[in-house]
Amino acid sequence: MKREDAIAKSEVEALAARLTNEAEGAGYHLNPDRDFTLGLVEGLLTNERRYGYRACPCRLATGDKAKDLDIICPCDYRDADLVDWGACYCGLYVSDEVLAGTKKVEPVPERRPPAAERAGGGAARTLAGAPRSQDRSSAPAPSLPVWRCRVCGYLCARDAPPGVCPICKAQADRFERFL
Amino acid sequence: MKREDAIAKSEVEALAARLTNEAEGAGYHLNPDRDFTLGLVEGLLTNERRYGYRACPCRLATGDKAKDLDIICPCDYRDADLVDWGACYCGLYVSDEVLAGTKKVEPVPERRPPAAERAGGGAARTLAGAPRSQDRSSAPAPSLPVWRCRVCGYLCARDAPPGVCPICKAQADRFERFL
Amino acid sequence: MKREDAIAKSEVEALAARLTNEAEGAGYHLNPDRDFTLGLVEGLLTNERRYGYRACPCRLATGDKAKDLDIICPCDYRDADLVDWGACYCGLYVSDEVLAGTKKVEPVPERRPPAAERAGGGAARTLAGAPRSQDRSSAPAPSLPVWRCRVCGYLCARDAPPGVCPICKAQADRFERFL
């Protein structure tokens, strides 16, 4: 008997190809261990069917999209983990150094704050669940530094510069603090 | 008799292919109705020959580039129309939802201000016709909110977040107000 | 006798293909004079072997990465040179106009400040050699204007807007001063 919701290998490979393409275009990389990566991509598709969105395959989703928004892949923590550990929590995305083999992936500690903290309404950086209707007068103060690529002028706001500039592919050491 | 300025089908298809490629790379999509799209792309090429630039095929250009700058395709109004209506004024560009078939394109009202308003010099956001020679000391106050992608830190200034982050392809609900 | 460090033609062509791909994706172009370009790319590979990084093939590197950071290709001066001269100092990158043949490449004067100036610690815009450990409280004042693409809202900080928006490919005259 055929389970109706079985995920076809072709579907997994198609999504893996698209994610690879999107990642490479912006200076990111999927894990070169193909079997490992396909397993995670299958997990993403499983979660998409289960919840309606591609929740992180390595974390427990609630099924409430607003609560899981930060762990929809790529998660809010991926880029910081790539900078600090060379891989995201799952190991689906890896850094240049890991891809080149000059750095080994270590276990990545969970960076996501506990549920109680995430639910707390007092945080300066709340989830922008409905940005389209947000009150434009209540701008949150910028709590993150803004980095500038010295080559092309690209600006981004994050704890540390990206490994590679998504626009001109200059490396992290070409970024300067801008704001 | 062969009209000298007839636009070859191959030229239309070549431009359509290039626009598709550029659109997809940045999270945009051309209308999947191929005949409809090719008709608009032919209109762009017609305008390019007539005016020297690809004025919107669905609006009346003046032939004065400085006055038409806001309706050179992609026009200044495309992204706001994609957010609000799922398509640009022409229907050349459509949103993720329209592409996926979960939203239908409705008639898109004209968002471009009337000529009198556009010509008015008092507007806070004037056309930057000659940005290279602009006086750097006369910076306009930022009149638009700045949005930040929570995944990769991408920053952009527009009325609402883009449907998809052009860098990491995270969806609009992953953006937060930054400034 | 075969020199061990001879650079294979295939290696040069592979890097040229990758650089072309990265350039085109972001609205940049390599010089269409293929032999000229391959010569420069071979120079990049020579420098990579010699110094461990792809220092500009047309400038004298010191071998001290921190001191050469601004001339690792693409250099900190490329984009300003593309705006002003239609090509970078080497001629490896050229502007839209040069690619289209509507503008000729002129000799590009050296924009890099003399070593004494670069070494001076008092500069407002110092090299961000170790951005990851930078003190977040000591943000440099923004010394460059921020430009906004009127089409997609892309923001970048540089002397003048880019020739083409790296996100939506709108041209330089669609940018406005934002900050």
# chains A, B, ... in the order shown; residues from 1 in each chain; ligands from 1
>>> closest_atom_pairs(of="chain B", to="chain A", cutoff="8 Å", atoms="only C-alpha atoms", output="JSON lines")
{"residue": "B:Gly25", "atom": "CA", "partner": "A:Gly25", "partner_atom": "CA", "distance": 7.7}
{"residue": "B:Pro145", "atom": "CA", "partner": "A:Arg136", "partner_atom": "CA", "distance": 6.9}
{"residue": "B:Arg148", "atom": "CA", "partner": "A:Ala157", "partner_atom": "CA", "distance": 7.1}
{"residue": "B:Arg150", "atom": "CA", "partner": "A:Asp76", "partner_atom": "CA", "distance": 5.6}
{"residue": "B:Val151", "atom": "CA", "partner": "A:Asp76", "partner_atom": "CA", "distance": 4.4}
{"residue": "B:Cys152", "atom": "CA", "partner": "A:Asp79", "partner_atom": "CA", "distance": 6.3}
{"residue": "B:Gly153", "atom": "CA", "partner": "A:Ala157", "partner_atom": "CA", "distance": 4.7}
{"residue": "B:Tyr154", "atom": "CA", "partner": "A:Cys156", "partner_atom": "CA", "distance": 4.9}
{"residue": "B:Leu155", "atom": "CA", "partner": "A:Cys156", "partner_atom": "CA", "distance": 5.6}
{"residue": "B:Ala160", "atom": "CA", "partner": "A:Arg132", "partner_atom": "CA", "distance": 5.6}
{"residue": "B:Pro161", "atom": "CA", "partner": "A:Pro131", "partner_atom": "CA", "distance": 7.2}
{"residue": "B:Ile167", "atom": "CA", "partner": "A:Ala26", "partner_atom": "CA", "distance": 5.7}
{"residue": "B:Cys168", "atom": "CA", "partner": "A:Ala26", "partner_atom": "CA", "distance": 6.6}
{"residue": "B:Lys169", "atom": "CA", "partner": "A:Glu22", "partner_atom": "CA", "distance": 7.4}
{"residue": "B:Ala170", "atom": "CA", "partner": "A:Pro74", "partner_atom": "CA", "distance": 7.1}
{"residue": "B:Ala172", "atom": "CA", "partner": "A:Pro131", "partner_atom": "CA", "distance": 7.8}
{"residue": "B:Asp173", "atom": "CA", "partner": "A:Gly129", "partner_atom": "CA", "distance": 5.5}
{"residue": "B:Arg174", "atom": "CA", "partner": "A:Ala128", "partner_atom": "CA", "distance": 6.8}
{"residue": "B:Phe175", "atom": "CA", "partner": "A:Ala128", "partner_atom": "CA", "distance": 6.2}
{"residue": "B:Glu176", "atom": "CA", "partner": "A:Ala128", "partner_atom": "CA", "distance": 4.9}
{"residue": "B:Arg177", "atom": "CA", "partner": "A:Ala139", "partner_atom": "CA", "distance": 6.3}
{"residue": "B:Phe178", "atom": "CA", "partner": "A:Pro142", "partner_atom": "CA", "distance": 5.7}
{"residue": "B:Leu179", "atom": "CA", "partner": "A:Ala139", "partner_atom": "CA", "distance": 5.6}
>>> residues_around(residues="Gly43 in chain B", least_positions_apart="3", cutoff="8 Å", atoms="only C-alpha atoms", output="ChimeraX atom specification")
/B:39-40,46-47,56-57
>>> write_last_selection(atoms="C-alpha atoms", output="mmCIF file, in the first residue's frame")
data_model
loop_
_atom_site.group_PDB
_atom_site.id
_atom_site.type_symbol
_atom_site.label_atom_id
_atom_site.label_comp_id
_atom_site.auth_asym_id
_atom_site.auth_seq_id
_atom_site.Cartn_x
_atom_site.Cartn_y
_atom_site.Cartn_z
ATOM 1 C CA GLY B 39 3.510 40.732 -25.369
ATOM 2 C CA LEU B 40 4.636 43.055 -22.576
ATOM 3 C CA THR B 46 9.111 48.969 -28.749
ATOM 4 C CA ASN B 47 9.476 51.702 -26.144
ATOM 5 C CA CYS B 56 6.303 50.842 -18.980
ATOM 6 C CA PRO B 57 4.286 49.329 -21.840
#
>>> atom_distance(atom1="CA of Cys90 in chain A", atom2="CA of Arg59 in chain A")
8.7 Å
>>> residues_around(residues="Asp33 in chain C", least_positions_apart="4", cutoff="10 Å", atoms="only C-alpha atoms", output="list in words")
Thr37, Leu38, Gly91, Leu92 and Leu99 of chain C
>>> atom_distance(atom1="CA of Pro113 in chain A", atom2="CA of Cys149 in chain B")
18.6 Å
>>> select_by_dssp(residues="chain A", states="strand (DSSP E or B)", output="ChimeraX atom specification")
/A:29-30,55,72,87,93-94,146-149,154-157,164,171,175-177
>>> atom_distance(atom1="CA of Ala16 in chain C", atom2="CA of Ala61 in chain C")
21.3 Å
